[in-house]
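Asks: Provided below: final35.cif, containing mmCIF, C-alpha atoms and all ligand atoms.
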```
data_data
#
loop_
_atom_site.label_atom_id
_atom_site.label_comp_id
_atom_site.auth_asym_id
_atom_site.auth_seq_id
_atom_site.Cartn_x
_atom_site.Cartn_y
_atom_site.Cartn_z
CA MET A 241 -67.66 -61.29 136.64
CA PRO A 242 -67.23 -62.68 133.10
CA SER A 243 -68.80 -66.01 132.25
CA LEU A 244 -66.97 -69.27 132.34
CA ILE A 245 -67.70 -71.02 129.03
CA PHE A 246 -67.47 -74.76 128.35
CA ARG A 247 -67.44 -75.51 124.64
CA LYS A 248 -66.10 -79.05 124.51
CA GLY A 249 -68.16 -80.92 127.04
CA LEU A 250 -67.40 -81.53 130.70
CA ASP A 251 -65.31 -84.73 130.60
CA LEU A 252 -68.26 -86.82 131.73
CA LYS A 253 -69.18 -88.52 128.48
CA HIS A 254 -68.75 -92.00 129.93
CA ALA A 255 -70.73 -91.14 133.04
CA VAL A 256 -73.86 -90.25 131.04
CA ALA A 257 -73.57 -92.73 128.14
CA GLY A 258 -75.72 -95.35 129.93
CA MET A 259 -78.46 -92.83 130.73
CA LEU A 260 -78.56 -91.55 127.15
CA ALA A 261 -78.83 -95.10 125.81
CA ASP A 262 -81.61 -95.93 128.28
CA ASN A 263 -83.55 -92.80 127.35
CA TYR A 264 -83.16 -92.66 123.58
CA HIS A 265 -81.92 -95.97 122.20
CA SER A 266 -84.16 -98.54 120.46
CA ALA A 267 -83.21 -102.21 120.08
CA LEU A 268 -85.88 -102.56 117.37
CA VAL A 269 -84.38 -99.73 115.31
CA GLU A 270 -80.90 -101.28 115.62
CA GLN A 271 -82.32 -104.61 114.48
CA ILE A 272 -83.95 -102.97 111.44
CA LYS A 273 -80.76 -101.12 110.52
CA ASN A 274 -78.93 -104.44 110.58
CA ALA A 275 -81.61 -105.98 108.34
CA ASP A 276 -80.98 -103.59 105.45
CA PHE A 277 -83.32 -100.96 106.95
CA THR A 278 -86.34 -103.19 106.25
CA HIS A 279 -88.85 -104.59 108.73
CA PRO A 280 -91.26 -107.24 107.39
CA ALA A 281 -94.13 -108.04 109.77
CA GLY A 282 -97.02 -110.01 108.25
CA ARG A 283 -98.81 -107.93 105.63
CA LEU A 284 -96.75 -104.88 106.63
CA THR A 285 -93.28 -103.98 105.39
CA VAL A 286 -91.58 -100.91 106.83
CA HIS A 287 -88.67 -99.32 105.00
CA LEU A 288 -86.55 -96.96 107.04
CA ALA A 289 -84.61 -94.19 105.32
CA ARG A 290 -80.90 -94.92 105.51
CA GLU A 291 -80.21 -91.67 107.34
CA PHE A 292 -82.69 -90.46 109.91
CA GLY A 293 -82.99 -89.26 113.48
CA PHE A 294 -80.46 -87.55 115.77
CA CYS A 295 -77.79 -85.63 113.86
CA TYR A 296 -74.27 -85.05 115.18
CA GLY A 297 -75.19 -81.59 116.49
CA VAL A 298 -78.24 -82.78 118.41
CA ASP A 299 -76.40 -85.82 119.74
CA ARG A 300 -73.72 -83.56 121.14
CA ALA A 301 -76.12 -80.97 122.56
CA VAL A 302 -78.16 -83.59 124.45
CA ASP A 303 -74.98 -85.31 125.63
CA TYR A 304 -73.63 -81.99 126.99
CA ALA A 305 -76.94 -81.27 128.75
CA TYR A 306 -76.73 -84.61 130.58
CA GLN A 307 -73.07 -83.98 131.40
CA THR A 308 -73.99 -80.55 132.77
CA ARG A 309 -76.58 -82.00 135.13
CA GLU A 310 -74.02 -84.56 136.31
CA ARG A 311 -71.27 -81.98 136.79
CA PHE A 312 -73.42 -79.41 138.63
CA PRO A 313 -75.89 -81.45 140.69
CA ASP A 314 -76.39 -78.68 143.26
CA ARG A 315 -76.55 -75.64 140.99
CA ARG A 316 -79.51 -74.24 139.09
CA VAL A 317 -79.18 -75.36 135.48
CA TYR A 318 -81.09 -73.54 132.72
CA LEU A 319 -81.66 -73.80 129.02
CA THR A 320 -82.28 -70.56 127.12
CA GLY A 321 -85.23 -72.32 125.43
CA GLU A 322 -85.77 -75.69 123.80
CA ILE A 323 -82.46 -77.50 123.46
CA ILE A 324 -83.73 -79.07 120.24
CA HIS A 325 -87.18 -79.12 118.68
CA ASN A 326 -88.42 -82.33 120.21
CA PRO A 327 -90.95 -82.16 123.06
CA HIS A 328 -89.96 -85.55 124.50
CA VAL A 329 -86.31 -84.62 124.85
CA ASN A 330 -87.20 -81.23 126.35
CA ASP A 331 -89.61 -82.82 128.81
CA LYS A 332 -87.01 -85.39 129.80
CA LEU A 333 -84.58 -82.58 130.62
CA ARG A 334 -87.27 -80.88 132.72
CA THR A 335 -87.69 -84.09 134.75
CA MET A 336 -83.92 -83.95 135.40
CA GLY A 337 -84.41 -80.54 137.00
CA ILE A 338 -83.14 -78.48 134.07
CA ARG A 339 -85.16 -75.26 133.85
CA PHE A 340 -86.18 -73.39 130.71
CA LEU A 341 -85.89 -69.60 130.59
CA THR A 342 -88.88 -69.59 128.26
CA ASP A 343 -91.14 -71.31 130.80
CA PRO A 344 -93.70 -69.19 132.71
CA GLY A 345 -92.20 -67.62 135.83
CA GLU A 346 -88.60 -67.79 134.61
CA ALA A 347 -86.64 -64.69 133.61
CA ILE A 348 -83.10 -64.00 132.58
CA ASP A 349 -82.78 -61.09 135.02
CA ARG A 350 -83.10 -63.51 137.93
CA LEU A 351 -79.93 -65.34 136.92
CA GLY A 352 -76.67 -64.81 138.73
CA ALA A 353 -73.09 -66.00 138.92
CA GLY A 354 -74.03 -69.27 140.58
CA ASP A 355 -76.25 -70.36 137.71
CA VAL A 356 -75.40 -72.62 134.81
CA VAL A 357 -76.93 -71.98 131.38
CA ILE A 358 -76.88 -74.37 128.42
CA LEU A 359 -76.90 -72.74 124.97
CA PRO A 360 -78.78 -74.85 122.38
CA ALA A 361 -77.46 -76.52 119.22
CA PHE A 362 -78.89 -73.76 117.01
CA GLY A 363 -77.10 -71.05 119.02
CA VAL A 364 -78.34 -67.85 120.64
CA THR A 365 -78.35 -64.21 119.58
CA ILE A 366 -75.43 -62.02 120.53
CA ALA A 367 -77.78 -59.96 122.73
CA MET A 368 -78.66 -63.10 124.72
CA LEU A 369 -75.02 -64.12 125.00
CA GLU A 370 -74.01 -60.66 126.24
CA SER A 371 -76.86 -60.62 128.72
CA LEU A 372 -75.80 -63.98 130.18
CA ASP A 373 -72.18 -62.91 130.21
CA ARG A 374 -73.02 -59.77 132.18
CA ARG A 375 -74.58 -61.96 134.85
CA GLY A 376 -71.45 -64.09 135.14
CA CYS A 377 -73.32 -67.37 134.57
CA THR A 378 -71.42 -70.53 133.75
CA LEU A 379 -72.21 -71.25 130.10
CA ILE A 380 -72.27 -74.61 128.37
CA ASP A 381 -72.17 -73.82 124.67
CA THR A 382 -73.57 -76.61 122.49
CA THR A 383 -73.83 -74.48 119.31
CA CYS A 384 -73.35 -76.89 116.41
CA GLY A 385 -70.22 -76.54 114.27
CA SER A 386 -72.39 -76.31 111.16
CA VAL A 387 -74.19 -73.27 112.61
CA LEU A 388 -70.82 -71.72 113.49
CA ASN A 389 -69.89 -72.20 109.84
CA VAL A 390 -72.89 -70.13 108.74
CA TRP A 391 -71.91 -67.40 111.21
CA LYS A 392 -68.37 -67.40 109.83
CA ASN A 393 -69.71 -66.72 106.33
CA VAL A 394 -72.12 -64.05 107.50
CA ARG A 395 -69.26 -62.30 109.34
CA ARG A 396 -67.19 -62.47 106.17
CA TYR A 397 -70.04 -60.87 104.22
CA ALA A 398 -70.30 -58.09 106.82
CA ASP A 399 -66.54 -57.47 106.67
CA GLY A 400 -66.68 -57.27 102.88
CA GLY A 401 -69.65 -54.89 102.81
CA TYR A 402 -72.10 -57.54 101.59
CA THR A 403 -75.69 -57.74 102.83
CA SER A 404 -76.53 -61.25 104.04
CA VAL A 405 -79.62 -62.66 102.38
CA ILE A 406 -80.56 -65.51 104.70
CA HIS A 407 -82.82 -68.25 103.36
CA GLY A 408 -84.56 -69.21 106.58
CA LYS A 409 -87.47 -68.80 108.93
CA VAL A 410 -87.36 -65.45 110.64
CA TRP A 411 -89.01 -66.89 113.76
CA HIS A 412 -86.46 -69.70 114.08
CA GLU A 413 -83.81 -69.33 116.82
CA GLU A 414 -80.99 -70.26 114.46
CA THR A 415 -81.90 -67.61 111.89
CA GLN A 416 -82.29 -64.99 114.62
CA ALA A 417 -78.84 -65.89 115.95
CA THR A 418 -77.33 -65.76 112.45
CA ALA A 419 -78.94 -62.39 111.76
CA SER A 420 -77.52 -61.04 115.02
CA GLN A 421 -74.03 -62.00 113.85
CA ALA A 422 -74.45 -59.92 110.69
CA VAL A 423 -75.48 -56.86 112.68
CA HIS A 424 -72.85 -57.31 115.37
CA TYR A 425 -70.11 -57.24 112.75
CA GLY A 426 -71.47 -54.11 111.12
CA GLY A 427 -73.42 -55.76 108.31
CA LYS A 428 -77.01 -55.82 107.06
CA TYR A 429 -79.34 -58.74 106.58
CA ILE A 430 -82.68 -59.68 105.09
CA VAL A 431 -84.40 -63.03 105.61
CA VAL A 432 -86.31 -64.67 102.76
CA PHE A 433 -88.57 -67.58 103.58
CA ASP A 434 -89.31 -68.97 100.13
CA ARG A 435 -89.22 -68.38 96.37
CA ALA A 436 -92.14 -65.94 96.48
CA GLN A 437 -90.31 -63.63 98.90
CA THR A 438 -87.09 -64.04 96.94
CA GLU A 439 -88.93 -62.95 93.80
CA ILE A 440 -89.87 -59.68 95.54
CA VAL A 441 -86.20 -59.10 96.40
CA CYS A 442 -85.15 -59.98 92.83
CA ARG A 443 -87.66 -57.54 91.32
CA TYR A 444 -86.26 -54.80 93.50
CA ILE A 445 -82.68 -55.65 92.56
CA ARG A 446 -83.59 -55.47 88.87
CA GLY A 447 -85.53 -52.25 88.86
CA GLY A 448 -86.25 -50.82 92.26
CA GLY A 449 -89.97 -50.36 92.72
CA ASP A 450 -92.40 -49.74 95.51
CA ARG A 451 -90.06 -49.06 98.38
CA ALA A 452 -92.82 -48.71 100.98
CA ALA A 453 -94.38 -52.05 99.99
CA PHE A 454 -90.96 -53.70 100.14
CA LEU A 455 -90.26 -52.35 103.61
CA GLU A 456 -93.69 -53.46 104.77
CA THR A 457 -93.26 -57.01 103.41
CA PHE A 458 -89.93 -57.50 105.16
CA GLU A 459 -90.72 -55.36 108.20
CA ASN A 460 -89.70 -58.02 110.72
CA ALA A 461 -87.13 -59.74 108.55
CA MET A 462 -84.36 -57.23 108.02
CA SER A 463 -81.76 -55.27 109.94
CA ALA A 464 -82.73 -51.90 111.45
CA GLY A 465 -82.53 -49.06 108.94
CA PHE A 466 -82.42 -51.44 105.97
CA ASP A 467 -82.51 -49.45 102.74
CA PRO A 468 -83.33 -51.62 99.71
CA ASP A 469 -81.90 -49.01 97.33
CA ARG A 470 -78.56 -49.05 99.13
CA ASP A 471 -78.40 -52.50 100.74
CA LEU A 472 -79.15 -54.77 97.79
CA GLN A 473 -76.11 -53.75 95.75
CA ARG A 474 -73.77 -56.38 97.20
CA ILE A 475 -75.26 -59.65 98.39
CA GLY A 476 -73.95 -62.74 100.16
CA LEU A 477 -76.27 -65.72 100.44
CA ALA A 478 -76.55 -67.87 103.57
CA ASN A 479 -79.04 -70.52 104.67
CA GLN A 480 -80.55 -71.67 107.88
CA THR A 481 -78.85 -75.08 108.07
CA THR A 482 -82.08 -77.08 107.95
CA MET A 483 -83.81 -75.64 104.89
CA LEU A 484 -84.72 -77.67 101.83
CA MET A 485 -81.54 -77.94 99.80
CA THR A 486 -83.24 -77.79 96.39
CA GLU A 487 -85.11 -74.63 97.39
CA SER A 488 -81.97 -72.96 98.77
CA LEU A 489 -80.12 -73.66 95.53
CA GLU A 490 -82.99 -72.20 93.51
CA ILE A 491 -83.10 -69.11 95.69
CA GLY A 492 -79.36 -68.60 95.24
CA GLU A 493 -79.76 -68.95 91.49
CA MET A 494 -82.67 -66.47 91.41
CA ILE A 495 -80.62 -63.84 93.20
CA ARG A 496 -77.53 -64.47 91.09
CA ARG A 497 -79.55 -63.98 87.89
CA ALA A 498 -81.15 -60.81 89.24
CA MET A 499 -77.71 -59.40 90.08
CA GLU A 500 -76.47 -60.32 86.60
CA ASP A 501 -79.42 -58.52 85.03
CA ARG A 502 -78.88 -55.46 87.20
CA TYR A 503 -75.13 -55.24 86.65
CA ALA A 504 -74.91 -56.30 82.99
CA GLY A 505 -73.53 -59.75 83.71
CA ASP A 506 -70.73 -58.55 85.95
CA THR A 507 -71.37 -59.87 89.46
CA ARG A 508 -67.73 -59.84 90.57
CA ASP A 509 -67.71 -58.09 93.94
CA ARG A 510 -71.52 -58.08 93.84
CA TYR A 511 -72.62 -61.59 94.74
CA GLN A 512 -71.25 -64.44 96.86
CA ALA A 513 -72.82 -67.69 97.96
CA PHE A 514 -71.68 -70.49 100.24
CA ASP A 515 -73.70 -73.61 100.71
CA THR A 516 -74.43 -73.66 104.42
CA ILE A 517 -77.07 -76.39 104.52
CA CYS A 518 -75.55 -78.82 107.03
CA SER A 519 -74.44 -82.26 105.91
CA ALA A 520 -76.82 -83.99 108.34
CA THR A 521 -79.82 -82.17 106.84
CA GLN A 522 -78.55 -82.95 103.35
CA ASP A 523 -77.99 -86.64 104.16
CA ARG A 524 -81.51 -87.02 105.57
CA GLN A 525 -83.07 -85.31 102.54
CA ASP A 526 -81.01 -87.43 100.14
CA ALA A 527 -81.92 -90.63 102.01
CA VAL A 528 -85.65 -89.96 101.83
CA VAL A 529 -85.40 -89.13 98.12
CA ALA A 530 -83.60 -92.47 97.61
CA LEU A 531 -86.22 -94.34 99.63
CA LEU A 532 -89.05 -92.85 97.57
CA ARG A 533 -87.18 -93.68 94.38
CA ASP A 534 -86.12 -97.24 95.27
CA GLN A 535 -89.11 -98.62 97.21
CA SER A 536 -92.72 -98.73 96.17
CA VAL A 537 -94.11 -97.35 99.42
CA ASP A 538 -97.86 -96.84 99.81
CA LEU A 539 -97.50 -94.08 102.36
CA MET A 540 -94.86 -92.20 104.31
CA ILE A 541 -94.63 -91.45 107.99
CA VAL A 542 -92.30 -88.66 109.12
CA ILE A 543 -91.66 -88.37 112.85
CA GLY A 544 -90.50 -85.17 114.55
CA GLY A 545 -91.56 -82.06 116.42
CA TYR A 546 -93.99 -79.85 114.50
CA ASN A 547 -91.66 -76.87 115.03
CA SER A 548 -88.66 -78.80 113.69
CA SER A 549 -87.60 -77.19 110.43
CA ASN A 550 -85.68 -80.15 109.06
CA THR A 551 -88.55 -82.55 109.86
CA ALA A 552 -91.05 -80.30 108.08
CA ASN A 553 -88.81 -80.30 105.02
CA LEU A 554 -88.57 -84.10 105.01
CA ALA A 555 -92.38 -84.19 105.04
CA ARG A 556 -92.48 -81.72 102.12
CA ILE A 557 -90.24 -83.99 100.06
CA CYS A 558 -92.41 -87.04 100.80
CA ALA A 559 -95.74 -85.29 100.25
CA ALA A 560 -94.77 -84.39 96.70
CA SER A 561 -95.18 -88.04 95.65
CA ARG A 562 -96.89 -90.04 98.43
CA PRO A 563 -99.64 -89.75 101.02
CA THR A 564 -97.58 -88.41 103.95
CA PHE A 565 -98.26 -88.14 107.66
CA HIS A 566 -96.00 -85.92 109.73
CA ILE A 567 -96.52 -87.05 113.32
CA ALA A 568 -94.99 -85.57 116.46
CA ASP A 569 -94.68 -88.87 118.31
CA PRO A 570 -95.91 -92.49 118.31
CA ASP A 571 -99.05 -91.57 120.29
CA CYS A 572 -100.27 -89.79 117.16
CA LEU A 573 -100.86 -93.26 115.70
CA VAL A 574 -104.12 -93.45 117.62
CA SER A 575 -105.60 -96.55 115.98
CA PRO A 576 -105.67 -98.33 112.61
CA ASP A 577 -108.51 -95.94 111.77
CA GLU A 578 -107.30 -92.66 113.31
CA ILE A 579 -104.10 -90.66 113.08
CA ARG A 580 -103.16 -87.21 114.41
CA HIS A 581 -100.76 -85.41 112.10
CA ARG A 582 -99.80 -82.02 110.72
CA PRO A 583 -100.41 -81.72 106.97
CA VAL A 584 -97.59 -80.15 104.98
CA GLY A 585 -97.99 -76.37 104.86
CA SER A 586 -100.46 -76.31 107.73
CA LYS A 587 -99.77 -74.88 111.18
CA GLU A 588 -102.29 -77.08 112.96
CA GLU A 589 -102.42 -80.72 113.93
CA VAL A 590 -105.48 -82.49 112.53
CA SER A 591 -107.07 -85.87 113.09
CA SER A 592 -107.75 -88.06 110.05
CA ARG A 593 -109.79 -91.24 109.75
CA GLY A 594 -109.34 -94.23 107.45
CA TRP A 595 -105.65 -93.52 106.95
CA LEU A 596 -104.40 -97.12 107.00
CA PRO A 597 -105.56 -99.58 104.30
CA SER A 598 -107.32 -102.32 106.25
CA ALA A 599 -106.40 -105.34 104.12
CA GLY A 600 -103.76 -106.57 101.70
CA PRO A 601 -100.00 -106.05 101.63
CA LEU A 602 -98.89 -102.64 102.86
CA THR A 603 -95.52 -100.92 102.49
CA ILE A 604 -94.77 -97.93 104.69
CA GLY A 605 -91.73 -95.71 104.39
CA LEU A 606 -90.50 -94.05 107.55
CA THR A 607 -88.06 -91.32 108.44
CA SER A 608 -87.50 -88.93 111.30
CA GLY A 609 -86.02 -85.49 111.80
CA ALA A 610 -82.62 -84.66 113.24
CA SER A 611 -84.10 -83.99 116.67
CA THR A 612 -86.07 -87.25 116.97
CA PRO A 613 -84.59 -89.98 119.18
CA ASP A 614 -84.61 -93.59 117.99
CA ASN A 615 -86.84 -94.78 120.83
CA LEU A 616 -89.75 -92.80 119.30
CA VAL A 617 -89.08 -94.33 115.89
CA GLY A 618 -88.98 -97.80 117.44
CA ALA A 619 -92.24 -97.21 119.30
CA ALA A 620 -93.95 -95.99 116.12
CA ILE A 621 -92.86 -99.09 114.20
CA ALA A 622 -94.04 -101.36 117.03
CA ARG A 623 -97.44 -99.63 116.95
CA LEU A 624 -97.73 -99.95 113.17
CA THR A 625 -96.87 -103.63 113.45
CA GLU A 626 -99.63 -104.07 116.05
CA PHE A 627 -102.16 -102.23 113.84
CA CYS A 628 -101.42 -104.53 110.88
CA LYS A 629 -101.62 -107.85 112.72
S1 LIG A 701 -79.43 -80.07 111.96
FE1 LIG A 701 -77.33 -79.68 111.22
S2 LIG A 701 -76.81 -77.66 112.03
FE2 LIG A 701 -78.59 -78.37 113.18
S3 LIG A 701 -77.72 -79.37 114.98
FE3 LIG A 701 -78.00 -80.96 113.43
S4 LIG A 701 -76.02 -81.10 112.36
FE4 LIG A 701 -76.05 -79.16 113.49
#
```
Kindly return the structure encoded in the file as structure tokens.
Ligand code: SF4

Replies:
Amino acid sequence: MPSLIFRKGLDLKHAVAGMLADNYHSALVEQIKNADFTHPAGRLTVHLAREFGFCYGVDRAVDYAYQTRERFPDRRVYLTGEIIHNPHVNDKLRTMGIRFLTDPGEAIDRLGAGDVVILPAFGVTIAMLESLDRRGCTLIDTTCGSVLNVWKNVRRYADGGYTSVIHGKVWHEETQATASQAVHYGGKYIVVFDRAQTEIVCRYIRGGGDRAAFLETFENAMSAGFDPDRDLQRIGLANQTTMLMTESLEIGEMIRRAMEDRYAGDTRDRYQAFDTICSATQDRQDAVVALLRDQSVDLMIVIGGYNSSNTANLARICAASRPTFHIADPDCLVSPDEIRHRPVGSKEEVSSRGWLPSAGPLTIGLTSGASTPDNLVGAAIARLTEFCK
């Protein structure tokens, strides 16, 4: 039995609006937005970035998950994994009885036609989609339009015989889904994480080189049977939607120059690039750059899941010019003396002491990733205010 797929919600938006507001809204954050994004409280002033928190894709995905629970109260409802990279939102869905296929004891081969499966905002691989389809599950597809746009470009590259070079994180669900699109449509792909990896690709484009070392470096980041001598002759660039815009542009430029060098300046039919960073990611990065430029903040706090790509990139931008604390939730603000946070570039959460100046005026800048609900931002600001009394 083929799957039934819902792609535009379940006509229950009004039924769940109150629940969503109760769970994720913050009156304090609304008040601060209405006060020019500034919150003075004694010696403390908090400046909020003008764009932060839930993006349109996350808003929609969470909304559809609530609608799904409402529409199918008696059926088993699953998520393929995290709906978004925020532990609070995922835990909230668990308390509503939504199960996660990635949780211990769950398995896709136990699903059947009576089950409902929600696909996350960053999409799923074609293999996962086909597997669910074979089982005849009812699917609620929340894949964000901006991710679909990346897939459209990758498919176009495959059709035109271009290898997709994807600037992204090979372990991220979105990049895995995008890579699967390239392969499904008969194309090749290679994922580059940063400038250093791009430089390896560029060296190979220019002059070939140590093939074995190349294959080893990108072992888990390229399509099966990838041949660098054959598959780097025509390249189309794509991005995971949540990467750092400045870095993606640089990576595109590096590859374009390498192709020019290799083909004597003639890159017609050799190189294509479409900017596929999503507008929500771009707006949040621009807003934090503006905040750092326009306000003399003493330190920055960035709130969002540690596995959230766009949050990590906001923290990178801030850390370049200010002491920055990327925290997963308000509880990380343990006390005026202690904070739990993940330093930029690190994989581990650490605990730091003496992070908050104990006297004198203090200006804190604050932003949050696209998967962070406003209630967490509000709670963090309330805690900061309490610490600075
Ligand atoms: S970060 Fe961008 S691509 Fe991802 S869900 Fe949000 S709007 Fe969509």

Asks: Can you check which parts of chain A lie within 10 Å of ligand LIG 701 (chain A)? Per residue, the shortest pair of atoms and distance in Å to one decimal, counting all atoms listed in the file, sorted by chain and number, as a tab-separated table.

Replies:
```
residue	atom	partner	partner_atom	distance
A:Gly293	CA	A:LIG701	FE3	9.7
A:Phe294	CA	A:LIG701	FE3	7.4
A:Cys295	CA	A:LIG701	FE3	4.7
A:Tyr296	CA	A:LIG701	S4	5.2
A:Gly297	CA	A:LIG701	S3	3.7
A:Val298	CA	A:LIG701	S3	4.9
A:Asp299	CA	A:LIG701	FE3	8.1
A:Arg300	CA	A:LIG701	S3	8.5
A:Ala301	CA	A:LIG701	S3	7.9
A:Ile323	CA	A:LIG701	S3	9.9
A:Ile324	CA	A:LIG701	S3	8.0
A:Pro360	CA	A:LIG701	S3	8.7
A:Ala361	CA	A:LIG701	S3	5.1
A:Phe362	CA	A:LIG701	FE2	6.0
A:Gly363	CA	A:LIG701	S3	9.3
A:Thr382	CA	A:LIG701	S3	9.0
A:Thr383	CA	A:LIG701	S3	7.6
A:Cys384	CA	A:LIG701	FE4	4.6
A:Gly385	CA	A:LIG701	FE4	6.4
A:Ser386	CA	A:LIG701	S2	4.7
A:Val387	CA	A:LIG701	S2	5.1
A:Leu388	CA	A:LIG701	S2	8.6
A:Asn389	CA	A:LIG701	S2	9.1
A:Val390	CA	A:LIG701	S2	9.1
A:Glu414	CA	A:LIG701	FE2	8.6
A:Gln480	CA	A:LIG701	S2	8.2
A:Thr481	CA	A:LIG701	S2	5.1
A:Thr482	CA	A:LIG701	S1	5.7
A:Met483	CA	A:LIG701	S1	9.4
A:Thr516	CA	A:LIG701	S2	8.9
A:Ile517	CA	A:LIG701	FE1	7.5
A:Cys518	CA	A:LIG701	FE1	4.6
A:Ser519	CA	A:LIG701	FE1	6.6
A:Ala520	CA	A:LIG701	S4	5.0
A:Thr521	CA	A:LIG701	S1	5.5
A:Gln522	CA	A:LIG701	FE1	8.6
A:Asp523	CA	A:LIG701	FE1	9.9
A:Arg524	CA	A:LIG701	S1	9.7
A:Ser548	CA	A:LIG701	S1	9.5
A:Ser549	CA	A:LIG701	S1	8.8
A:Asn550	CA	A:LIG701	S1	6.9
A:Thr551	CA	A:LIG701	S1	9.7
A:Gly609	CA	A:LIG701	S1	8.5
A:Ala610	CA	A:LIG701	S1	5.7
A:Ser611	CA	A:LIG701	FE3	7.5
```

Asks: Distance CA of Leu372 in chain A-CA of Gly321 in chain A, one decimal place?

Replies: 13.5 Å

Asks: I want to know what sits within 9 Å of Ser575 in chain A, based on all atoms listed in the file, with residues of the same chain fewer than 3 positions away left out; could you give that as a list of chain:residue names?

Replies: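 Once the nearby chain positions are removed, what remains is A:Cys572, A:Glu578, A:Ile579, A:Arg623, A:Phe627.
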
Asks: When distances are computed from all atoms listed in the file, which of A:Met494, A:Ala452, A:Val357, A:Cys558 shows the smallest separation from Thr438 in chain A?

Replies: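 Using all atoms listed in the file, the shortest distance to Thr438 in chain A belongs to A:Met494.
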
Asks: So, with only C-alpha atoms as the atoms that count, which of A:Ile621, A:Ile358, A:Cys442, A:Asp303 lies closest to Gln271 in chain A?

Replies: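 Counting only C-alpha atoms, the residue closest to Gln271 in chain A is A:Ile621.
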
Asks: CA of Leu477 in chain A and CA of Phe514 in chain A, how far apart in Å?

Replies: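 Straight-line distance from CA of Phe514 in chain A to CA of Leu477 in chain A works out to 6.6 Å.
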
Asks: Looking at A:Ile445, A:Ala461, A:Val542, A:Val590, which one is nearest to Arg502 in chain A, with distances taken over only C-alpha atoms?

Replies: A:Ile445

Asks: Using CA of Asp526 in chain A and CA of Ser488 in chain A as the two end points, give the distance in Å to one decimal.

Replies: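 Result for CA of Asp526 in chain A versus CA of Ser488 in chain A: 14.6 Å, one decimal.
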
Asks: With distances taken over all atoms listed in the file, which of A:Gly249, A:Gly600, A:Gly427, A:Gly605 is nearest to Arg395 in chain A?

Replies: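 Of the candidates, the smallest distance to Arg395 in chain A is held by A:Gly427.
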
Asks: Show me as a VMD selection string the residues that reach within 12 Å of (-76.1, -67.8, 98.0), counting all atoms listed in the file and using the file's own coordinates.

Replies: chain A and resid 390 393 to 394 397 402 to 407 432 438 474 to 480 485 487 to 497 499 510 to 517

Asks: Write out as a PyMOL selection string the residues lying within 12 Å of His254 in chain A, counting only C-alpha atoms and excluding same-chain residues fewer than 5 positions away.

Replies: chain A and resi 249+259-261+303-304+306-307+310

Asks: Mind dumping the selected residues with C-alpha atoms as a compact mmCIF listing (two decimals), in the coordinates of the input?

Replies:
```
# COMPACT_ATOMS: atom_id res chain seq x y z
CA GLY A 249 -68.16 -80.92 127.04
CA MET A 259 -78.46 -92.83 130.73
CA LEU A 260 -78.56 -91.55 127.15
CA ALA A 261 -78.83 -95.10 125.81
CA ASP A 303 -74.98 -85.31 125.63
CA TYR A 304 -73.63 -81.99 126.99
CA TYR A 306 -76.73 -84.61 130.58
CA GLN A 307 -73.07 -83.98 131.40
CA GLU A 310 -74.02 -84.56 136.31
```

Asks: Give me, as number ranges by chain, all polymer residues having an atom no more than 10 Å from Val617 in chain A, counting only C-alpha atoms and skipping those fewer than 6 positions away in the same chain.

Replies: A: 264-266, 268-269, 288, 292-293, 542-544, 569-570, 606-608, 623

Asks: Could you name the residues that touch range 335-347 of chain A at 9 Å or less, counting all atoms listed in the file, but leaving out those on the same chain fewer than 2 positions away, as a ChimeraX atom specification?

Replies: /A:305-306,309,316-322,330-333,349-351

Asks: Under the rule that only C-alpha atoms are counted, which of A:Leu602, A:Val423, A:Leu616, A:Ala398 is the nearest residue to Thr285 in chain A?

Replies: A:Leu602

Asks: Could you complete range 418-425 of chain A so that it carries N, CA and C atoms, and give it back as an mmCIF file, in the coordinates of the input?

Replies:
```cif
data_model
loop_
_atom_site.group_PDB
_atom_site.id
_atom_site.type_symbol
_atom_site.label_atom_id
_atom_site.label_comp_id
_atom_site.auth_asym_id
_atom_site.auth_seq_id
_atom_site.Cartn_x
_atom_site.Cartn_y
_atom_site.Cartn_z
ATOM 1 N N THR A 418 -78.164 -66.066 113.625
ATOM 2 C CA THR A 418 -77.330 -65.760 112.450
ATOM 3 C C THR A 418 -77.469 -64.285 112.072
ATOM 4 N N ALA A 419 -78.707 -63.794 112.092
ATOM 5 C CA ALA A 419 -78.940 -62.390 111.760
ATOM 6 C C ALA A 419 -78.202 -61.477 112.743
ATOM 7 N N SER A 420 -78.187 -61.881 114.010
ATOM 8 C CA SER A 420 -77.520 -61.040 115.020
ATOM 9 C C SER A 420 -76.020 -60.972 114.761
ATOM 10 N N GLN A 421 -75.464 -62.019 114.184
ATOM 11 C CA GLN A 421 -74.030 -62.000 113.850
ATOM 12 C C GLN A 421 -73.754 -60.949 112.779
ATOM 13 N N ALA A 422 -74.644 -60.904 111.769
ATOM 14 C CA ALA A 422 -74.450 -59.920 110.690
ATOM 15 C C ALA A 422 -74.417 -58.511 111.265
ATOM 16 N N VAL A 423 -75.388 -58.218 112.131
ATOM 17 C CA VAL A 423 -75.480 -56.860 112.680
ATOM 18 C C VAL A 423 -74.293 -56.557 113.582
ATOM 19 N N HIS A 424 -73.934 -57.536 114.413
ATOM 20 C CA HIS A 424 -72.850 -57.310 115.370
ATOM 21 C C HIS A 424 -71.540 -56.948 114.653
ATOM 22 N N TYR A 425 -71.348 -57.514 113.483
ATOM 23 C CA TYR A 425 -70.110 -57.240 112.750
ATOM 24 C C TYR A 425 -70.287 -56.124 111.715
#
```
